[in-house]
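Visitor: Before I ask anything, let me first share the structure, which is written out below as structure tokens.
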Amino acid sequence: MREFMALDRNLKLRTLTVFLTALLNAAVLPNMTIYYSHYFGAAAAGILLIVVSIASFIAGLYGGHLSDAHGRKPIMLAGSVLLIVGYLIAALVNSPLMTNPVLAFVGFLLARVGGSLSDPAEQAMMIDASTPQNRRFVYAMLYWVINISVMLGAAIGGWFFRDYLFELLLAMAIIAVININIIRFGMRETFQSQKAVSGSVWQAVKVYGQVFADKRYVLFLGGSLLASIVTNQPNFYLAVHLGRDFNATHLFGIALYGQRMLSMVTIINTVMIIILMALFTRLTSKWALGVAFAVGVGLQTIGFAMSFEVNTFWPLAIAAVILTIGEMISVPSSQTLRAALMDEQKIGAYSGGWAAVSPLASTLSGVTVSVSPLLGNSGMAALMLVLGACGIALVAKSARGVQA
């Protein structure tokens with residue numbers, strides 16, 4: 001608590017806005033595939049999801065540049081306005097007055113673009129307001145908060161999305177209004193550019209050319225991309241493996257089959273993070289950033305590789321514990337290292353570049369599912385070990401000389 005109270009005011013308020021944003025996303029976004037499939041069919045739903053991903057990717061890149069050109073708060077506020085408008089449109093066209101899935105897609109698209117536009121500015125503000133000394137604590141704390149809000153948001157979405165969609169979307173819009181007021185009246189601007197920067201698209205292209213010419217940062221992004229393919233597996237091959245190969249059993253009288261076992265892995269992961277994140281942050285606070293990343297991602301890689309080779313409850317539970325310990329070690333160190341590698345005058349653009357990692361990792365994770373029939377469980381486990389090792393090697397090279 002002492003460490004929290006010593007933080008910059010923006011970081012304290014950011015903890016609240018992160019909680020509300022993650023709650024909002026977890027309640028709505030995972031259910032959008034079901035919504036699109038219901039109204040448009042599975043094939044069209046896939047296309048719509050790709051459109052949303054591409055639009056979000058572009059908005060994230062441009063939002064990062066704009067936050068360096070105009071400051072963090074204006075871009076965060078602009079993104080929040082789009083978020084509110086998007087959810088209000090989606091609520092209106094899923095109300096007792098009318099149902100229009102096409103306009104609902106427009107609303108959801110606006111909301112996703114708004115969130116992606118403001119995300120690099122939010123990331124940049126966190127770096128501006130923190131110090132190298134407290135950054136690991138800040139990222140660990142926010143990660144802990146996100147896990148709590150995701151757990152609550154998933155429960156809210158699962159309970160209300162199908163039968164109370166209008167009320168849920170209206171509540172999400174209200175949460176977004178609360179968020180924008182916290183940003184508008186509670187947070188201060190943290191960045192003033194030392195020179196005038198154009199917000200034009202061409203200037204953004206030039207700036208990102210400079211970002212991707214930074215070899216150390218590109219090494220970090222490449223290593224993080226490979227590591228993310230491994231850590232994405234609960235949504236990809238692990239789900240396939242458990243659905244196909246898990247030996248159904250009973251635990252405390254409850255039937256466990258593949259889908260429920262996947263939920264059990266998520267529950268173990270979330271509960272451990274909520275209870276033990278602070279402990280592991282203290283235990284690893286003196287570790288070099290590269291070492292912490294290597295140990296954390298190494299444990300995650302071993303955990304996922306192990307989970308592909310087993311198909312009964314207890315070995316899978318042990319694998320979940322191993323990969324979660326790795327996650328608690330790697331996340332704060334990875335985000336702290338990312339901040340340390342950034343050019344202070346282009347933090348927004350560097351944060352926008354980081355935004356490219358997640359969609360690309362998701363795409364490549366989908367490719368691993370496509371090749372899995374050729375590789376089998378053992379081949380997929382070996383692939384994870386190779387990807388994890390290569391990711392660690394790239395990040396270790398980028399981390400040379402960086403102080404913890």
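To be explicit about the labels: the chains of the structure tokens are called A, B, and onward in the order shown, and within each one the residues are counted from 1, while ligands get numbers from 1 in the order they are shown.
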Determine which residues of region 143-390 of chain A receive a DSSP assignment of alpha helix (DSSP H), computed from the backbone, and state them as an NGL selection string.

Guide: :A and (143-160 or 165-186 or 201-211 or 215-231 or 237-245 or 258-283 or 289-309 or 313-340 or 347-354 or 357-390)

Visitor: Can you pull out every residue within 10 Å of Ala176 (chain A), counting only C-alpha atoms, but drop anything in the same chain fewer than 6 positions away, and send it as a list in words?

Guide: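 That gives Thr17, Leu20, Thr21, Leu24, Ser80, Val81, Leu82, Leu83, Ile84, Val85, Tyr87, Leu170 and Ile182 of chain A.
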
Visitor: Within 12 Å of region 238-251 of chain A, which residues of region 278-388 of chain A come that close, and what is the closest atom pair and distance in Å for each? Count only C-alpha atoms and give it as JSON lines.

Guide:
{"residue": "A:Gly303", "atom": "CA", "partner": "A:Leu238", "partner_atom": "CA", "distance": 11.3}
{"residue": "A:Phe304", "atom": "CA", "partner": "A:Leu238", "partner_atom": "CA", "distance": 8.0}
{"residue": "A:Ala305", "atom": "CA", "partner": "A:Leu238", "partner_atom": "CA", "distance": 9.7}
{"residue": "A:Met306", "atom": "CA", "partner": "A:Leu238", "partner_atom": "CA", "distance": 10.7}
{"residue": "A:Ser307", "atom": "CA", "partner": "A:Leu238", "partner_atom": "CA", "distance": 7.6}
{"residue": "A:Phe308", "atom": "CA", "partner": "A:Leu238", "partner_atom": "CA", "distance": 6.8}
{"residue": "A:Glu309", "atom": "CA", "partner": "A:His241", "partner_atom": "CA", "distance": 9.3}
{"residue": "A:Val310", "atom": "CA", "partner": "A:Phe246", "partner_atom": "CA", "distance": 8.1}
{"residue": "A:Asn311", "atom": "CA", "partner": "A:Phe246", "partner_atom": "CA", "distance": 4.5}
{"residue": "A:Thr312", "atom": "CA", "partner": "A:Asn247", "partner_atom": "CA", "distance": 5.7}
{"residue": "A:Phe313", "atom": "CA", "partner": "A:Thr249", "partner_atom": "CA", "distance": 7.8}
{"residue": "A:Trp314", "atom": "CA", "partner": "A:Leu251", "partner_atom": "CA", "distance": 10.6}
{"residue": "A:Pro315", "atom": "CA", "partner": "A:Phe246", "partner_atom": "CA", "distance": 11.2}
{"residue": "A:Leu316", "atom": "CA", "partner": "A:Phe246", "partner_atom": "CA", "distance": 9.6}
{"residue": "A:Ala319", "atom": "CA", "partner": "A:Leu238", "partner_atom": "CA", "distance": 11.8}
{"residue": "A:Ala320", "atom": "CA", "partner": "A:Leu238", "partner_atom": "CA", "distance": 11.4}
{"residue": "A:Ser365", "atom": "CA", "partner": "A:Leu238", "partner_atom": "CA", "distance": 10.9}
{"residue": "A:Gly366", "atom": "CA", "partner": "A:Val240", "partner_atom": "CA", "distance": 11.3}
{"residue": "A:Thr368", "atom": "CA", "partner": "A:Leu238", "partner_atom": "CA", "distance": 10.7}
{"residue": "A:Val369", "atom": "CA", "partner": "A:Val240", "partner_atom": "CA", "distance": 8.0}
{"residue": "A:Ser370", "atom": "CA", "partner": "A:Val240", "partner_atom": "CA", "distance": 10.8}
{"residue": "A:Ser372", "atom": "CA", "partner": "A:Val240", "partner_atom": "CA", "distance": 9.5}
{"residue": "A:Pro373", "atom": "CA", "partner": "A:Val240", "partner_atom": "CA", "distance": 10.7}
{"residue": "A:Gly376", "atom": "CA", "partner": "A:His241", "partner_atom": "CA", "distance": 9.6}
{"residue": "A:Asn377", "atom": "CA", "partner": "A:His241", "partner_atom": "CA", "distance": 7.7}
{"residue": "A:Ser378", "atom": "CA", "partner": "A:His241", "partner_atom": "CA", "distance": 11.4}
{"residue": "A:Met380", "atom": "CA", "partner": "A:Leu238", "partner_atom": "CA", "distance": 9.9}
{"residue": "A:Ala381", "atom": "CA", "partner": "A:Leu238", "partner_atom": "CA", "distance": 10.4}
{"residue": "A:Met384", "atom": "CA", "partner": "A:Leu238", "partner_atom": "CA", "distance": 11.5}

Visitor: Those residues you just picked out, can you put them in a file as a short mmCIF file (atom, residue, chain, number, x, y, z; two decimals), in the first residue's frame with C-alpha atoms?

Guide:
data_model
loop_
_atom_site.label_atom_id
_atom_site.label_comp_id
_atom_site.auth_asym_id
_atom_site.auth_seq_id
_atom_site.Cartn_x
_atom_site.Cartn_y
_atom_site.Cartn_z
CA GLY A 303 4.27 -25.46 -19.16
CA PHE A 304 2.57 -25.25 -22.55
CA ALA A 305 4.79 -27.94 -24.10
CA MET A 306 3.98 -30.22 -21.17
CA SER A 307 0.25 -29.51 -21.49
CA PHE A 308 0.29 -30.74 -25.11
CA GLU A 309 1.81 -34.08 -24.05
CA VAL A 310 -0.63 -34.95 -21.26
CA ASN A 311 -4.37 -35.52 -21.21
CA THR A 312 -5.39 -36.06 -17.57
CA PHE A 313 -6.34 -33.59 -14.86
CA TRP A 314 -3.41 -33.50 -12.44
CA PRO A 315 -0.57 -33.30 -14.99
CA LEU A 316 -2.48 -30.52 -16.76
CA ALA A 319 1.44 -27.56 -16.21
CA ALA A 320 -0.97 -24.68 -15.50
CA SER A 365 -1.09 -18.70 -33.50
CA GLY A 366 -3.94 -19.60 -35.83
CA THR A 368 -0.02 -23.27 -35.61
CA VAL A 369 -3.48 -24.81 -35.36
CA SER A 370 -3.55 -25.30 -39.13
CA SER A 372 -0.98 -29.19 -35.97
CA PRO A 373 -2.43 -32.23 -37.85
CA GLY A 376 0.79 -34.02 -33.67
CA ASN A 377 1.00 -33.30 -29.94
CA SER A 378 4.73 -34.02 -29.64
CA MET A 380 3.49 -29.03 -31.34
CA ALA A 381 5.27 -29.31 -27.98
CA MET A 384 6.59 -24.34 -28.65
#

Visitor: Quick one: residues within 9 Å of Ser224 (chain A), only C-alpha atoms counted, chain neighbours fewer than 4 positions away excluded, as a PyMOL selection string?

Guide: chain A and resi 219-220+228-229+334+357+391-392+394-395

Visitor: Once you have the residues from the selection above, write them out as an mmCIF file, in the first residue's frame, restricted to N, CA and C atoms.

Guide:
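Saved as part36.cif:
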data_model
loop_
_atom_site.group_PDB
_atom_site.id
_atom_site.type_symbol
_atom_site.label_atom_id
_atom_site.label_comp_id
_atom_site.auth_asym_id
_atom_site.auth_seq_id
_atom_site.Cartn_x
_atom_site.Cartn_y
_atom_site.Cartn_z
ATOM 1 N N LEU A 219 14.358 -6.197 -32.328
ATOM 2 C CA LEU A 219 14.703 -7.491 -31.741
ATOM 3 C C LEU A 219 13.754 -7.824 -30.593
ATOM 4 N N PHE A 220 13.484 -6.818 -29.764
ATOM 5 C CA PHE A 220 12.554 -7.034 -28.648
ATOM 6 C C PHE A 220 11.162 -7.392 -29.174
ATOM 7 N N SER A 228 4.728 -14.560 -27.627
ATOM 8 C CA SER A 228 3.267 -14.404 -27.595
ATOM 9 C C SER A 228 2.558 -15.540 -28.317
ATOM 10 N N ILE A 229 3.177 -16.079 -29.367
ATOM 11 C CA ILE A 229 2.579 -17.236 -30.044
ATOM 12 C C ILE A 229 2.438 -18.397 -29.052
ATOM 13 N N SER A 334 8.983 -7.861 -18.887
ATOM 14 C CA SER A 334 8.830 -7.601 -20.312
ATOM 15 C C SER A 334 8.366 -6.172 -20.557
ATOM 16 N N VAL A 357 2.139 -6.262 -32.247
ATOM 17 C CA VAL A 357 2.538 -7.609 -31.831
ATOM 18 C C VAL A 357 1.329 -8.510 -31.602
ATOM 19 N N GLY A 391 12.510 -16.764 -29.008
ATOM 20 C CA GLY A 391 12.019 -15.509 -28.430
ATOM 21 C C GLY A 391 12.906 -15.029 -27.299
ATOM 22 N N ILE A 392 13.314 -15.936 -26.425
ATOM 23 C CA ILE A 392 14.206 -15.583 -25.315
ATOM 24 C C ILE A 392 15.539 -15.067 -25.850
ATOM 25 N N LEU A 394 16.244 -13.605 -28.748
ATOM 26 C CA LEU A 394 16.112 -12.280 -29.351
ATOM 27 C C LEU A 394 15.974 -11.194 -28.291
ATOM 28 N N VAL A 395 15.142 -11.445 -27.279
ATOM 29 C CA VAL A 395 14.947 -10.438 -26.231
ATOM 30 C C VAL A 395 16.215 -10.282 -25.396
#

Visitor: Would you kindly return, as a CSV table (one decimal) with C-alpha atoms, in the first residue's frame, each protein, DNA or RNA residue with an atom no farther than 10 Å from any atom of Ala355 (chain A), considering only C-alpha atoms and excluding same-chain residues fewer than 3 positions away?

Guide:
chain,number,residue,atom,x,y,z
A,56,SER,CA,-7.9,-1.7,-34.7
A,57,PHE,CA,-4.4,-2.3,-35.9
A,58,ILE,CA,-4.3,0.8,-38.0
A,59,ALA,CA,-6.0,2.9,-35.3
A,60,GLY,CA,-3.4,1.7,-32.8
A,61,LEU,CA,-0.5,2.7,-35.0
A,64,GLY,CA,0.6,6.2,-31.1
A,116,SER,CA,-7.2,0.9,-30.1
A,119,ASP,CA,-4.3,2.5,-26.1
A,120,PRO,CA,-0.8,3.7,-27.2
A,221,LEU,CA,9.4,-7.0,-30.7
A,349,ALA,CA,4.9,5.8,-31.6
A,350,TYR,CA,7.0,3.0,-29.9
A,351,SER,CA,3.8,2.0,-28.0
A,352,GLY,CA,1.9,2.0,-31.3
A,358,SER,CA,-0.8,-8.9,-30.5
A,359,PRO,CA,-2.8,-9.1,-33.8
A,360,LEU,CA,0.2,-10.6,-35.6

Visitor: Between CA of Gly157 (chain A) and CA of Ala171 (chain A), measure the distance and give it in Å to one decimal.

Guide: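 Going from CA of Gly157 (chain A) over to CA of Ala171 (chain A) covers 11.4 Å.
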
Visitor: Calculated over only C-alpha atoms, which of the candidates A:Ile146, A:Ala121, A:Ala104, A:Met187 has the smallest distance to Arg9 (chain A)?

Guide: A:Met187

Visitor: Excluding Thr33 (chain A) and its own-chain neighbours fewer than 3 positions away, which residues fall within 9 Å of it when counting only C-alpha atoms? Please give them as a VMD selection string.

Guide: chain A and resid 29 to 30 36 to 38 42 45 to 46 49

Visitor: Write out as a list in words each polymer residue whose atoms come within 10 Å of Phe105 (chain A), counting only C-alpha atoms; drop sequence neighbours fewer than 5 positions from it.

Guide: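 Answer for this query is Met32, Tyr35, Tyr36, Leu48, Leu49, Val52, Gly86, Ile89, Ala90, Val93, Asn100, Leu110 and Ala111 of chain A.
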
Visitor: Save out the residues we just selected, all heavy atoms, as a compact mmCIF listing (two decimals), in the first residue's frame.

Guide:
# COMPACT_ATOMS: atom_id res chain seq x y z
N MET A 32 -18.56 -11.44 -29.10
CA MET A 32 -18.92 -10.87 -30.40
C MET A 32 -18.90 -11.92 -31.52
O MET A 32 -19.68 -11.81 -32.47
CB MET A 32 -17.97 -9.72 -30.74
CG MET A 32 -18.13 -8.51 -29.83
SD MET A 32 -19.85 -8.12 -29.45
CE MET A 32 -20.54 -7.92 -31.08
N TYR A 35 -22.24 -13.39 -31.52
CA TYR A 35 -23.23 -12.43 -32.04
C TYR A 35 -23.17 -12.38 -33.57
O TYR A 35 -24.19 -12.50 -34.26
CB TYR A 35 -22.95 -11.05 -31.45
CG TYR A 35 -23.93 -9.98 -31.87
CD1 TYR A 35 -25.07 -9.72 -31.13
CD2 TYR A 35 -23.71 -9.21 -33.02
CE1 TYR A 35 -25.97 -8.73 -31.52
CE2 TYR A 35 -24.58 -8.23 -33.42
CZ TYR A 35 -25.71 -7.99 -32.65
OH TYR A 35 -26.61 -7.01 -33.05
N TYR A 36 -21.97 -12.20 -34.12
CA TYR A 36 -21.81 -12.12 -35.58
C TYR A 36 -22.24 -13.42 -36.25
O TYR A 36 -22.89 -13.40 -37.32
CB TYR A 36 -20.37 -11.80 -35.95
CG TYR A 36 -19.89 -10.44 -35.49
CD1 TYR A 36 -18.55 -10.24 -35.15
CD2 TYR A 36 -20.75 -9.36 -35.41
CE1 TYR A 36 -18.09 -8.99 -34.72
CE2 TYR A 36 -20.30 -8.11 -34.99
CZ TYR A 36 -18.97 -7.94 -34.65
OH TYR A 36 -18.52 -6.71 -34.23
N LEU A 48 -15.86 -10.29 -40.76
CA LEU A 48 -16.09 -9.11 -39.92
C LEU A 48 -15.03 -8.99 -38.83
O LEU A 48 -14.56 -7.88 -38.53
CB LEU A 48 -17.49 -9.18 -39.30
CG LEU A 48 -18.67 -9.07 -40.27
CD1 LEU A 48 -19.99 -9.23 -39.53
CD2 LEU A 48 -18.65 -7.73 -41.01
N LEU A 49 -14.66 -10.11 -38.25
CA LEU A 49 -13.62 -10.08 -37.22
C LEU A 49 -12.28 -9.63 -37.79
O LEU A 49 -11.52 -8.90 -37.13
CB LEU A 49 -13.49 -11.45 -36.56
CG LEU A 49 -14.68 -11.87 -35.68
CD1 LEU A 49 -14.53 -13.33 -35.26
CD2 LEU A 49 -14.77 -10.99 -34.45
N VAL A 52 -12.43 -5.86 -38.24
CA VAL A 52 -12.25 -5.19 -36.95
C VAL A 52 -10.77 -5.22 -36.54
O VAL A 52 -10.23 -4.21 -36.05
CB VAL A 52 -13.14 -5.86 -35.88
CG1 VAL A 52 -12.78 -5.32 -34.48
CG2 VAL A 52 -14.61 -5.61 -36.18
N GLY A 86 -19.83 4.37 -29.92
CA GLY A 86 -19.97 3.01 -30.43
C GLY A 86 -20.89 2.16 -29.59
O GLY A 86 -21.79 1.49 -30.11
N ILE A 89 -24.56 3.35 -29.90
CA ILE A 89 -25.18 2.87 -31.15
C ILE A 89 -25.53 1.39 -31.03
O ILE A 89 -26.64 0.97 -31.38
CB ILE A 89 -24.21 3.09 -32.33
CG1 ILE A 89 -24.07 4.58 -32.63
CG2 ILE A 89 -24.72 2.35 -33.58
CD1 ILE A 89 -23.01 4.89 -33.68
N ALA A 90 -24.59 0.59 -30.52
CA ALA A 90 -24.84 -0.84 -30.39
C ALA A 90 -26.00 -1.11 -29.44
O ALA A 90 -26.81 -2.02 -29.68
CB ALA A 90 -23.57 -1.54 -29.90
N VAL A 93 -29.46 -0.18 -31.21
CA VAL A 93 -29.94 -1.11 -32.25
C VAL A 93 -30.04 -2.54 -31.74
O VAL A 93 -30.28 -3.46 -32.51
CB VAL A 93 -29.02 -1.05 -33.49
CG1 VAL A 93 -29.05 0.34 -34.10
CG2 VAL A 93 -27.59 -1.46 -33.15
N ASN A 100 -30.89 -4.19 -35.24
CA ASN A 100 -30.24 -3.99 -36.53
C ASN A 100 -28.78 -4.43 -36.39
O ASN A 100 -27.93 -3.65 -35.97
CB ASN A 100 -30.33 -2.53 -36.96
CG ASN A 100 -29.86 -2.33 -38.40
OD1 ASN A 100 -28.88 -2.93 -38.84
ND2 ASN A 100 -30.56 -1.47 -39.13
N LEU A 110 -16.70 1.03 -34.12
CA LEU A 110 -16.31 2.32 -33.57
C LEU A 110 -15.70 2.17 -32.18
O LEU A 110 -14.70 2.82 -31.85
CB LEU A 110 -17.52 3.26 -33.51
CG LEU A 110 -17.93 3.97 -34.80
CD1 LEU A 110 -19.21 4.76 -34.56
CD2 LEU A 110 -16.82 4.88 -35.30
N ALA A 111 -16.33 1.32 -31.37
CA ALA A 111 -15.83 1.12 -30.01
C ALA A 111 -14.43 0.51 -30.02
O ALA A 111 -13.54 0.94 -29.28
CB ALA A 111 -16.80 0.23 -29.23

Visitor: Distance table requested - region 322-348 of chain A against region 278-293 of chain A, cut-off 8 Å, only C-alpha atoms: one row per qualifying residue with the closest atom pair and its distance in Å to one decimal, ordered by chain and rising residue number, as a Markdown table.

Guide:
| residue | atom | partner | partner_atom | distance |
| --- | --- | --- | --- | --- |
| A:Met328 | CA | A:Phe280 | CA | 6.6 |
| A:Ile329 | CA | A:Ala292 | CA | 6.2 |
| A:Ser330 | CA | A:Phe293 | CA | 4.7 |
| A:Val331 | CA | A:Phe293 | CA | 7.7 |
| A:Pro332 | CA | A:Thr281 | CA | 7.8 |
| A:Ser333 | CA | A:Leu289 | CA | 5.3 |
| A:Ser334 | CA | A:Phe293 | CA | 6.0 |
| A:Thr336 | CA | A:Leu289 | CA | 7.6 |
| A:Leu337 | CA | A:Leu289 | CA | 6.2 |
